Amino acid sequence: MKYMKDQMIVEFDSASKNESFARIVVAAFATRLDPTLEEIADIKTAVSEAVTNSIIHGYENGDGKIRIETVIVEDTITIIVQDFGVGIENVKKAMEPLYTTKPDLERSGMGFAFMEAFMDELFVESEIGIGTKITMRKVINQGENHKSQIK
């Protein structure tokens, strides 16, 4: 495979209506890797969860900016979702399945668990008063096996 690198950066307001925009723009960018429909669905779900966390927890449904940087290197897509909101006090605790700081908003506490399940790697960095940066990575399986699945 020939070495390939491509990058996209997009920034938008932390409004819930922009969650669908974020998942579609990242999915469209990912199509250059010729992913399966399942791989696209995984990416869209992970992006949706990360952006929703930024809106609800990072900015507590207030005004702010969300930045998504997406980088493709060879067969791997890296997606970085960053907010500049309140930050997470205890990242390890926040990543526990079913843990939520917003039970009154009927949050399931499964956002990070879904991101982990649908992506190959997940890294979360956060600082109180500075914001949160979620880095997700997924290898898109190309080649003979991939092509045979599309028949």
# chains A, B, ... in the order shown; residues from 1 in each chain; ligands from 1
>>> residues_around(residues="A:Ile77", least_positions_apart="3", cutoff="6 Å", atoms="only C-alpha atoms", output="ChimeraX atom specification")
/A:71-72,137-138
>>> residues_around(residues="stretch 48-59 of chain A", least_positions_apart="3", cutoff="7 Å", atoms="only C-alpha atoms", output="MDAnalysis selection string")
chainID A and resid 14:16 19 23 44:45 62:64 81 83 85:87 111 115 131
>>> select_by_dssp(residues="stretch 20-135 of chain A", states="strand (DSSP E or B)", output="PyMOL selection string")
chain A and resi 65-73+76-83+121-127+131-135
>>> closest_residue(among="A:Val10, A:Ile79, A:Ile140, A:Val124", to="A:Lys65", atoms="only C-alpha atoms")
A:Val10
>>> atom_distance(atom1="atom CA of A:Arg32", atom2="atom CA of A:Thr132")
28.0 Å
